[in-house]
>>> print(open('run17.txt').read())   # compact mmCIF, C-alpha atoms and all ligand atoms
# COMPACT_ATOMS: atom_id res chain seq x y z
CA ASP A 1 158.97 123.79 98.44
CA GLN A 2 161.89 122.94 96.27
CA GLN A 3 163.75 121.20 99.07
CA ILE A 4 162.88 118.80 101.86
CA ASP A 5 165.30 118.57 104.78
CA LEU A 6 165.01 115.06 106.12
CA ALA A 7 166.52 113.69 109.32
CA VAL A 8 167.32 110.02 108.81
CA VAL A 9 167.60 107.70 111.76
CA ALA A 10 168.44 104.27 110.39
CA GLY A 11 168.80 102.81 113.88
CA ASP A 12 169.45 99.13 114.48
CA GLY A 13 169.23 95.80 112.69
CA ILE A 14 167.40 96.01 109.38
CA GLY A 15 166.70 99.73 109.93
CA GLY A 16 169.37 100.92 107.52
CA GLU A 17 168.37 98.51 104.77
CA VAL A 18 164.70 99.46 104.76
CA VAL A 19 165.38 103.18 105.11
CA GLU A 20 167.62 103.10 102.04
CA GLN A 21 164.71 101.76 100.00
CA GLY A 22 162.31 104.25 101.52
CA LEU A 23 164.59 107.07 100.37
CA ARG A 24 164.64 105.69 96.84
CA ALA A 25 160.87 105.83 96.67
CA LEU A 26 160.87 109.33 98.16
CA GLU A 27 163.34 110.60 95.60
CA ALA A 28 161.45 108.96 92.74
CA ALA A 29 158.21 110.56 93.91
CA LEU A 30 159.68 114.04 94.16
CA ALA A 31 161.90 114.02 91.07
CA PRO A 32 159.20 115.18 88.61
CA SER A 33 158.58 118.35 90.64
CA GLY A 34 162.31 119.07 90.91
CA THR A 35 162.13 118.91 94.70
CA LYS A 36 165.42 117.95 96.29
CA VAL A 37 165.67 115.71 99.32
CA VAL A 38 168.54 116.72 101.56
CA THR A 39 169.21 114.08 104.18
CA THR A 40 171.12 114.28 107.46
CA GLU A 41 171.95 110.95 109.00
CA PHE A 42 171.85 110.62 112.75
CA ASP A 43 173.98 107.97 114.41
CA LEU A 44 171.54 106.77 117.04
CA GLY A 45 170.87 103.31 118.40
CA ALA A 46 172.88 100.38 119.76
CA ARG A 47 176.21 101.29 118.09
CA ARG A 48 176.24 104.81 119.50
CA TRP A 49 175.14 103.62 122.96
CA HIS A 50 177.93 101.04 123.14
CA ALA A 51 180.49 103.57 121.95
CA THR A 52 179.44 106.57 124.06
CA GLY A 53 176.73 105.55 126.52
CA GLU A 54 174.44 108.10 124.87
CA THR A 55 170.97 107.40 123.52
CA LEU A 56 169.70 110.82 122.43
CA THR A 57 171.31 114.02 123.62
CA ASP A 58 169.85 117.51 123.80
CA GLU A 59 172.19 118.44 120.98
CA ASP A 60 170.88 115.59 118.81
CA LEU A 61 167.33 116.76 119.48
CA GLU A 62 168.20 120.35 118.67
CA ARG A 63 169.66 119.30 115.32
CA ILE A 64 166.78 116.98 114.53
CA ARG A 65 164.35 119.83 115.16
CA GLN A 66 165.89 121.75 112.24
CA HIS A 67 164.38 119.28 109.75
CA ASP A 68 161.06 119.08 107.93
CA ALA A 69 160.51 115.44 108.88
CA ILE A 70 162.22 112.35 110.27
CA LEU A 71 162.48 108.96 108.62
CA LEU A 72 163.24 106.22 111.12
CA GLY A 73 164.15 102.60 110.41
CA ALA A 74 164.04 100.57 113.61
CA ILE A 75 165.32 100.80 117.17
CA GLY A 76 166.32 97.94 119.45
CA ASP A 77 169.13 95.43 119.78
CA PRO A 78 169.56 92.33 121.94
CA SER A 79 172.99 93.58 123.09
CA VAL A 80 171.36 96.53 124.86
CA PRO A 81 169.26 96.00 127.99
CA SER A 82 165.55 96.04 127.22
CA GLY A 83 164.07 99.52 127.60
CA VAL A 84 167.27 101.53 127.25
CA LEU A 85 166.87 102.37 123.56
CA GLU A 86 163.08 102.05 123.53
CA ARG A 87 162.63 104.60 126.31
CA GLY A 88 165.82 106.62 125.89
CA LEU A 89 165.60 107.02 122.13
CA LEU A 90 162.35 106.06 120.40
CA LEU A 91 159.91 107.17 123.07
CA LYS A 92 162.05 110.19 123.89
CA LEU A 93 161.75 111.30 120.26
CA ARG A 94 157.98 110.79 120.27
CA PHE A 95 157.52 112.57 123.59
CA THR A 96 159.93 115.46 123.13
CA LEU A 97 158.75 116.23 119.62
CA ASP A 98 155.14 115.96 120.84
CA HIS A 99 154.04 113.24 118.43
CA TYR A 100 150.65 112.93 120.01
CA VAL A 101 149.03 111.31 116.99
CA ASN A 102 150.47 107.90 116.24
CA LEU A 103 148.74 107.13 112.97
CA ARG A 104 148.62 103.52 111.81
CA PRO A 105 146.59 102.74 108.72
CA SER A 106 145.49 99.17 108.02
CA ARG A 107 144.47 98.13 104.59
CA LEU A 108 144.21 94.70 103.05
CA PHE A 109 145.89 95.21 99.69
CA GLU A 110 144.66 93.20 96.74
CA GLY A 111 146.81 90.11 96.38
CA VAL A 112 147.65 89.83 100.06
CA THR A 113 146.54 86.66 101.79
CA SER A 114 145.10 87.44 105.18
CA PRO A 115 145.30 84.74 107.84
CA LEU A 116 141.55 85.30 108.23
CA ALA A 117 139.46 82.90 106.16
CA ASP A 118 136.97 85.58 105.21
CA PRO A 119 138.56 88.95 105.87
CA GLY A 120 136.21 91.06 103.75
CA GLU A 121 137.37 94.57 102.94
CA ILE A 122 139.80 95.98 105.47
CA ASP A 123 140.51 99.69 105.39
CA PHE A 124 140.73 101.45 108.70
CA VAL A 125 143.14 103.67 110.54
CA VAL A 126 144.14 103.57 114.18
CA VAL A 127 144.77 106.91 115.84
CA ARG A 128 146.91 105.85 118.77
CA GLU A 129 147.67 108.46 121.41
CA GLY A 130 151.45 108.93 121.42
CA THR A 131 152.57 110.90 124.45
CA GLU A 132 150.60 109.66 127.46
CA GLY A 133 149.02 106.54 128.92
CA PRO A 134 151.18 103.89 130.55
CA TYR A 135 154.13 104.97 128.37
CA THR A 136 155.10 108.05 130.36
CA GLY A 137 157.31 106.15 132.78
CA ASN A 138 155.18 107.22 135.71
CA GLY A 139 155.54 104.55 138.35
CA GLY A 140 158.27 102.72 140.10
CA ALA A 141 159.42 99.67 141.95
CA LEU A 142 159.91 98.95 145.63
CA ARG A 143 161.93 96.20 147.25
CA VAL A 144 163.06 94.91 143.87
CA GLY A 145 164.00 91.26 143.78
CA THR A 146 162.39 90.46 147.12
CA PRO A 147 159.14 88.57 147.72
CA ALA A 148 157.70 91.92 148.79
CA GLU A 149 158.42 93.63 145.48
CA VAL A 150 155.84 96.13 144.27
CA ALA A 151 155.89 97.48 140.72
CA THR A 152 153.56 100.20 139.45
CA GLU A 153 153.12 101.66 135.96
CA VAL A 154 150.69 104.53 136.22
CA SER A 155 148.74 105.47 133.12
CA VAL A 156 148.65 109.23 132.64
CA ASN A 157 145.61 110.65 130.85
CA THR A 158 145.14 114.41 130.79
CA ALA A 159 142.05 116.23 129.56
CA PHE A 160 144.38 118.25 127.32
CA GLY A 161 146.09 115.17 125.91
CA VAL A 162 142.96 113.13 125.38
CA GLU A 163 141.02 115.97 123.82
CA ARG A 164 143.65 116.88 121.25
CA VAL A 165 144.06 113.33 119.97
CA VAL A 166 140.31 112.71 119.96
CA ARG A 167 139.77 115.90 117.96
CA ASP A 168 142.40 114.81 115.45
CA ALA A 169 140.69 111.40 115.12
CA PHE A 170 137.31 113.04 114.51
CA ALA A 171 138.83 115.32 111.88
CA ARG A 172 140.28 112.29 110.11
CA ALA A 173 136.97 110.41 110.34
CA ALA A 174 135.14 113.42 108.88
CA GLN A 175 137.42 113.26 105.81
CA ARG A 176 136.68 109.60 105.16
CA GLU A 177 133.85 108.03 103.27
CA ARG A 178 132.22 106.18 106.15
CA LYS A 179 132.81 108.90 108.75
CA HIS A 180 132.78 106.49 111.62
CA LEU A 181 134.82 106.61 114.82
CA THR A 182 135.24 103.80 117.33
CA LEU A 183 136.61 104.56 120.77
CA VAL A 184 138.47 101.58 122.21
CA HIS A 185 139.17 101.52 125.94
CA LYS A 186 138.26 99.50 129.01
CA HIS A 187 136.06 101.83 131.05
CA ASN A 188 134.38 98.99 132.90
CA VAL A 189 137.66 98.46 134.74
CA LEU A 190 139.86 101.51 134.09
CA VAL A 191 137.10 103.81 135.22
CA HIS A 192 139.07 107.00 135.74
CA ALA A 193 140.79 107.15 132.39
CA GLY A 194 137.99 105.33 130.60
CA HIS A 195 135.35 107.84 131.53
CA LEU A 196 137.61 110.75 130.62
CA TRP A 197 138.02 109.25 127.15
CA ARG A 198 134.28 108.54 126.85
CA ARG A 199 133.20 112.01 127.92
CA THR A 200 135.77 113.57 125.62
CA VAL A 201 134.51 111.65 122.60
CA GLU A 202 130.95 112.69 123.41
CA ALA A 203 131.93 116.33 123.77
CA VAL A 204 134.09 116.57 120.65
CA ASN A 205 131.40 114.77 118.63
CA ALA A 206 129.37 117.99 118.85
CA GLU A 207 132.00 119.65 116.61
CA PHE A 208 131.71 116.80 114.09
CA PRO A 209 128.00 115.89 113.98
CA GLU A 210 128.50 114.12 110.64
CA VAL A 211 130.71 111.49 112.32
CA THR A 212 128.98 108.49 113.90
CA THR A 213 130.63 106.87 116.89
CA ASP A 214 130.59 103.68 118.86
CA TYR A 215 132.54 102.21 121.72
CA LEU A 216 134.28 98.87 122.30
CA HIS A 217 136.13 97.51 125.26
CA VAL A 218 139.60 96.56 124.09
CA ASP A 219 139.05 92.84 124.62
CA ALA A 220 135.95 92.92 122.45
CA ALA A 221 137.82 94.98 119.87
CA THR A 222 140.35 92.16 119.43
CA ILE A 223 137.47 89.78 118.70
CA PHE A 224 135.98 92.06 116.05
CA LEU A 225 139.39 92.61 114.47
CA THR A 226 139.39 88.87 113.87
CA THR A 227 135.72 88.22 113.08
CA ASN A 228 134.65 91.42 111.32
CA PRO A 229 137.46 93.90 110.65
CA SER A 230 135.35 95.62 107.97
CA ARG A 231 133.31 97.26 110.71
CA PHE A 232 136.19 99.62 111.54
CA ASP A 233 136.83 102.99 109.93
CA VAL A 234 138.75 105.12 112.44
CA ILE A 235 139.75 103.76 115.84
CA VAL A 236 140.91 106.14 118.56
CA THR A 237 142.58 104.70 121.61
CA ASP A 238 145.29 105.15 124.20
CA ASN A 239 148.98 104.51 123.78
CA LEU A 240 149.15 100.92 125.05
CA PHE A 241 145.86 99.65 123.62
CA GLY A 242 146.91 101.22 120.33
CA ASP A 243 150.26 99.46 120.43
CA ILE A 244 148.63 96.08 120.87
CA LEU A 245 145.74 96.58 118.45
CA THR A 246 148.01 97.79 115.66
CA ASP A 247 150.11 94.63 115.79
CA GLN A 248 146.91 92.62 115.47
CA ALA A 249 145.80 94.95 112.68
CA ALA A 250 149.11 94.32 110.90
CA ALA A 251 148.74 90.57 111.30
CA ILE A 252 145.30 90.44 109.65
CA THR A 253 146.45 92.58 106.72
CA GLY A 254 149.52 90.60 105.71
CA GLY A 255 151.98 91.10 108.52
CA ILE A 256 154.27 93.77 109.90
CA GLY A 257 156.29 93.81 106.67
CA LEU A 258 153.49 95.95 105.27
CA ALA A 259 152.47 98.06 108.27
CA ALA A 260 153.31 101.77 108.08
CA SER A 261 153.10 104.41 110.75
CA ALA A 262 153.39 108.13 111.29
CA ASN A 263 154.19 109.87 114.56
CA ILE A 264 152.57 113.19 113.93
CA ASN A 265 152.85 116.54 115.65
CA PRO A 266 149.69 118.09 114.18
CA ASP A 267 150.55 121.54 115.57
CA ARG A 268 153.82 121.43 113.62
CA THR A 269 155.87 122.73 116.52
CA ALA A 270 158.42 120.00 115.70
CA PRO A 271 159.05 117.61 112.82
CA SER A 272 156.87 114.51 112.55
CA MET A 273 158.46 111.08 112.31
CA PHE A 274 157.69 108.24 109.93
CA GLU A 275 158.60 104.63 110.63
CA PRO A 276 157.54 101.08 109.86
CA VAL A 277 155.64 99.39 112.69
CA HIS A 278 158.09 96.49 112.66
CA GLY A 279 161.23 96.29 114.78
CA SER A 280 164.91 95.86 114.01
CA ALA A 281 164.70 92.09 113.32
CA PRO A 282 168.36 91.45 114.22
CA ASP A 283 168.00 87.80 113.14
CA ILE A 284 167.69 88.80 109.47
CA ALA A 285 169.79 91.97 109.49
CA GLY A 286 172.21 92.02 106.58
CA THR A 287 170.60 89.10 104.77
CA GLY A 288 168.50 91.16 102.36
CA LYS A 289 165.37 89.40 103.57
CA ALA A 290 163.73 92.44 105.13
CA ASP A 291 160.66 93.71 103.31
CA PRO A 292 161.04 97.48 102.80
CA THR A 293 157.37 97.90 101.91
CA ALA A 294 156.27 99.17 105.34
CA THR A 295 158.97 101.84 105.22
CA ILE A 296 157.99 102.85 101.69
CA LEU A 297 154.36 103.14 102.76
CA SER A 298 155.55 105.27 105.68
CA VAL A 299 157.25 107.52 103.13
CA GLY A 300 153.80 107.89 101.57
CA LEU A 301 152.48 109.10 104.92
CA LEU A 302 155.42 111.51 105.12
CA LEU A 303 154.59 112.99 101.73
CA ASP A 304 150.96 113.35 102.75
CA HIS A 305 151.96 115.16 105.92
CA LEU A 306 154.13 117.58 103.95
CA GLY A 307 151.17 118.45 101.75
CA ARG A 308 152.31 116.34 98.81
CA ALA A 309 149.05 114.44 98.33
CA ASP A 310 149.74 113.57 94.67
CA GLU A 311 153.19 112.19 95.36
CA ALA A 312 151.83 110.30 98.36
CA ALA A 313 149.17 108.74 96.16
CA ALA A 314 151.83 107.77 93.62
CA VAL A 315 153.82 105.92 96.27
CA GLN A 316 150.72 104.21 97.60
CA ALA A 317 149.67 103.16 94.08
CA ALA A 318 153.15 101.85 93.29
CA VAL A 319 153.13 99.73 96.42
CA ALA A 320 149.64 98.44 95.68
CA ALA A 321 150.71 97.43 92.16
CA ASP A 322 153.87 95.77 93.42
CA ILE A 323 151.95 93.83 96.04
CA ALA A 324 149.34 92.72 93.50
CA GLU A 325 152.14 91.33 91.36
CA ARG A 326 153.69 89.43 94.26
CA ALA A 327 150.55 87.33 94.40
CA THR A 328 151.08 86.01 90.89
CA SER A 329 154.86 85.85 90.76
CA SER A 330 157.00 83.09 92.18
CA SER A 331 160.26 85.03 92.11
CA VAL A 332 161.83 85.90 95.44
CA ARG A 333 163.24 89.41 95.62
CA ASN A 334 165.59 90.81 98.21
CA THR A 335 165.22 94.12 100.03
CA ALA A 336 166.97 96.18 97.38
CA GLN A 337 165.12 94.53 94.50
CA ILE A 338 161.74 95.24 96.05
CA GLY A 339 162.84 98.82 96.67
CA ALA A 340 164.08 99.22 93.09
CA ASP A 341 160.87 97.78 91.62
CA ILE A 342 158.66 100.05 93.68
CA ALA A 343 160.80 103.13 92.98
CA ALA A 344 160.60 102.34 89.25
CA ARG A 345 156.82 102.21 89.47
CA VAL A 346 156.73 105.48 91.37
CA ALA A 347 158.81 107.07 88.64
CA GLY A 348 156.22 105.70 86.19
C1 LIG B 401 155.86 100.30 118.33
C2 LIG B 401 156.83 99.61 119.24
C3 LIG B 401 157.24 100.57 120.34
C4 LIG B 401 155.98 100.94 121.10
C5 LIG B 401 158.32 100.06 121.29
C6 LIG B 401 159.53 99.56 120.56
C7 LIG B 401 158.70 101.11 122.29
O1 LIG B 401 156.30 98.45 119.74
O2 LIG B 401 156.24 101.29 117.70
O3 LIG B 401 154.72 99.85 118.21
O4 LIG B 401 155.59 100.23 122.03
O5 LIG B 401 155.39 101.97 120.77
MN MN B 402 154.33 97.96 118.91
>>> encode(input="run17.txt", output="structure tokens", more="lines below")
Ligand code: IPM
Ligand code: MN
Amino acid sequence: DQQIDLAVVAGDGIGGEVVEQGLRALEAALAPSGTKVVTTEFDLGARRWHATGETLTDEDLERIRQHDAILLGAIGDPSVPSGVLERGLLLKLRFTLDHYVNLRPSRLFEGVTSPLADPGEIDFVVVREGTEGPYTGNGGALRVGTPAEVATEVSVNTAFGVERVVRDAFARAAQRERKHLTLVHKHNVLVHAGHLWRRTVEAVNAEFPEVTTDYLHVDAATIFLTTNPSRFDVIVTDNLFGDILTDQAAAITGGIGLAASANINPDRTAPSMFEPVHGSAPDIAGTGKADPTATILSVGLLLDHLGRADEAAAVQAAVAADIAERATSSSVRNTAQIGADIAARVAG
């Protein structure tokens, strides 16, 4: 294609600053092929909510659907009650656009100091289910604020939903060198959902006999992420376990400033969405301290999803080179300088 129509949701806090740098890398990567990036900015987040009371309207969604992909900065602001933007905007996008694969790669780049004394090689990807689990909002509260209050959050796991994400995880594992898939759950306690996940992995494994599998309870998985992260290749897990594990995965590979993610609709019935794992960091918004690297790496995932493997590799290589240099340089760069340096490397 000679044109990519991109919906841009800068969102809150540092979102706009990091997205700006992500777009620079994207344009640098596509320039040699003559591909144009046409962006449409969507005013979504705290500002819009305060001004109009809206989080994400049907009309917004309809317009967003017209695009090839979405680049999102960050959502969330302390001036908005917790959950309003998270549920009404970010999760609504993921759910409505059927982003059932929440892909979160973890790699320890050369030059990055891990908080682990002996991290070994870290290169795995978490396939986090994106549309079900405890995130659906199924549940409720009774007698709120009284001593008799009851609050339930019911985890929804459908055979359809589990199978499609497990199949995607197997397909990704089959493409990788080690071809290994780890299911993370807690089927010794969450028996209903846990056994559905376990049976599904067993069944889908028949379609991918070349992929080896194992299983870890989520608590044990957190231990291995600390003691032996090299053992992981592809992890498949539910929405909430995946949320927690991917923050830990980010921490052991240099922090959330480097953690990229893709919310993918593999059936391509709606645009996929690419965003850094980090939040809006209102405390440093406007200071130029935000690291745009996670957003730039997310742009790499975007290019990959759009079938631009070479351009994706160029972005990834540029980031790797920039990170390697950080280790030896004492100069402190701001958001825009990091973005400019990486874009220059992408341009070669
Ligand atoms: C993430 C975030 C979101 C999540 C929140 C902000 C809803 O923590 O992308 O990991 O829980 O998925
Ligand atoms: Mn999270």
>>> residues_around(input="run17.txt", residues="A:Ile75", least_positions_apart="5", cutoff="10 Å", atoms="only C-alpha atoms", output="list in words")
Val9, Ala10, Gly11, Asp12, Gly13, Ile14, Gly15, Leu44, Gly45, Ala46, Leu85, Glu86, Leu89, Leu90, His278, Gly279, Ser280 and Ala281 of chain A
>>> write_last_selection(input="run17.txt", atoms="C-alpha atoms", output="tab-separated table (two decimals), in the coordinates of the input")
chain	number	residue	atom	x	y	z
A	9	VAL	CA	167.60	107.70	111.76
A	10	ALA	CA	168.44	104.27	110.39
A	11	GLY	CA	168.80	102.81	113.88
A	12	ASP	CA	169.45	99.13	114.48
A	13	GLY	CA	169.23	95.80	112.69
A	14	ILE	CA	167.40	96.01	109.38
A	15	GLY	CA	166.70	99.73	109.93
A	44	LEU	CA	171.54	106.77	117.04
A	45	GLY	CA	170.87	103.31	118.40
A	46	ALA	CA	172.88	100.38	119.76
A	85	LEU	CA	166.87	102.37	123.56
A	86	GLU	CA	163.08	102.05	123.53
A	89	LEU	CA	165.60	107.02	122.13
A	90	LEU	CA	162.35	106.06	120.40
A	278	HIS	CA	158.09	96.49	112.66
A	279	GLY	CA	161.23	96.29	114.78
A	280	SER	CA	164.91	95.86	114.01
A	281	ALA	CA	164.70	92.09	113.32
>>> residues_around(input="run17.txt", residues="A:Leu61", least_positions_apart="3", cutoff="12 Å", atoms="only C-alpha atoms", output="count of residues only")
23
>>> residues_around(input="run17.txt", residues="A:Phe241", least_positions_apart="6", cutoff="9 Å", atoms="all atoms listed in the file", output="list in words")
Arg128, Val184, His185 and Val218 of chain A
>>> residues_around(input="run17.txt", residues="A:Ala25", least_positions_apart="4", cutoff="8 Å", atoms="all atoms listed in the file", output="number ranges by chain")
A: 21, 29, 296, 299, 315, 339, 342-343, 346
>>> residues_near_ligand(input="run17.txt", ligand="ligand MN 402 (chain B)", cutoff="9 Å", atoms="all atoms listed in the file", output="PyMOL selection string")
chain A and resi 240+242-247+277-279
>>> residues_around(input="run17.txt", residues="stretch 159-164 of chain A", least_positions_apart="5", cutoff="9 Å", atoms="only C-alpha atoms", output="number ranges by chain")
A: 100-101, 129, 131-132, 169, 196-197, 200-201, 204, 238
>>> axis_aligned_box(input="run17.txt", around="stretch 65-74 of chain A", padding_each_side="3 Å", output="JSON")
{"center_x": 163.2, "center_y": 111.2, "center_z": 111.5, "size_x": 11.4, "size_y": 27.2, "size_z": 13.2}
>>> atom_distance(input="run17.txt", atom1="atom CA of A:Ala173", atom2="atom CA of A:Val234")
6.0 Å
>>> closest_residue(input="run17.txt", among="A:Arg345, A:His99, A:Arg172, A:Arg63", to="A:Val236", atoms="only C-alpha atoms")
A:Arg172
>>> atom_distance(input="run17.txt", atom1="atom CA of A:Ala259", atom2="atom CA of A:Ala336")
18.2 Å
>>> residues_near_point(input="run17.txt", point="(153.9, 112.7, 100.4)", cutoff="12 Å", atoms="only C-alpha atoms", output="VMD selection string")
chain A and resid 4 22 25 to 30 35 69 262 274 296 to 316 346
>>> atom_distance(input="run17.txt", atom1="atom CA of A:Gly286", atom2="atom CA of A:Arg47")
15.3 Å
>>> closest_residue(input="run17.txt", among="A:Gly111, A:Glu17, A:Ala221, A:Lys36", to="A:Ser329", atoms="only C-alpha atoms")
A:Gly111
>>> closest_residue(input="run17.txt", among="A:Thr52, A:Gln3, A:Thr136, A:Ser33", to="ligand LIG 401 (chain B)", atoms="all atoms listed in the file")
A:Thr136
>>> decode(input="run17.txt", residues="stretch 69-88 of chain A", atoms="C-alpha atoms", output="PDB file, in the first residue's frame")
ATOM      1  CA  ALA A  69      -4.428   0.811  12.681  1.00  0.00           C
ATOM      2  CA  ILE A  70      -4.524   2.809  15.908  1.00  0.00           C
ATOM      3  CA  LEU A  71      -1.572   4.307  17.742  1.00  0.00           C
ATOM      4  CA  LEU A  72      -2.394   5.053  21.366  1.00  0.00           C
ATOM      5  CA  GLY A  73      -0.295   6.962  23.886  1.00  0.00           C
ATOM      6  CA  ALA A  74      -1.722   6.542  27.368  1.00  0.00           C
ATOM      7  CA  ILE A  75      -5.076   6.767  29.117  1.00  0.00           C
ATOM      8  CA  GLY A  76      -5.739   7.827  32.698  1.00  0.00           C
ATOM      9  CA  ASP A  77      -5.687  10.976  34.787  1.00  0.00           C
ATOM     10  CA  PRO A  78      -5.938  11.593  38.530  1.00  0.00           C
ATOM     11  CA  SER A  79      -8.670  14.202  37.946  1.00  0.00           C
ATOM     12  CA  VAL A  80     -11.010  11.506  36.617  1.00  0.00           C
ATOM     13  CA  PRO A  81     -12.459   8.870  38.953  1.00  0.00           C
ATOM     14  CA  SER A  82     -10.588   5.582  38.705  1.00  0.00           C
ATOM     15  CA  GLY A  83     -12.150   3.251  36.152  1.00  0.00           C
ATOM     16  CA  VAL A  84     -14.031   5.842  34.105  1.00  0.00           C
ATOM     17  CA  LEU A  85     -11.430   6.205  31.356  1.00  0.00           C
ATOM     18  CA  GLU A  86      -9.924   2.752  31.831  1.00  0.00           C
ATOM     19  CA  ARG A  87     -13.254   0.989  31.334  1.00  0.00           C
ATOM     20  CA  GLY A  88     -15.072   3.593  29.240  1.00  0.00           C
TER      21      GLY A  88
END
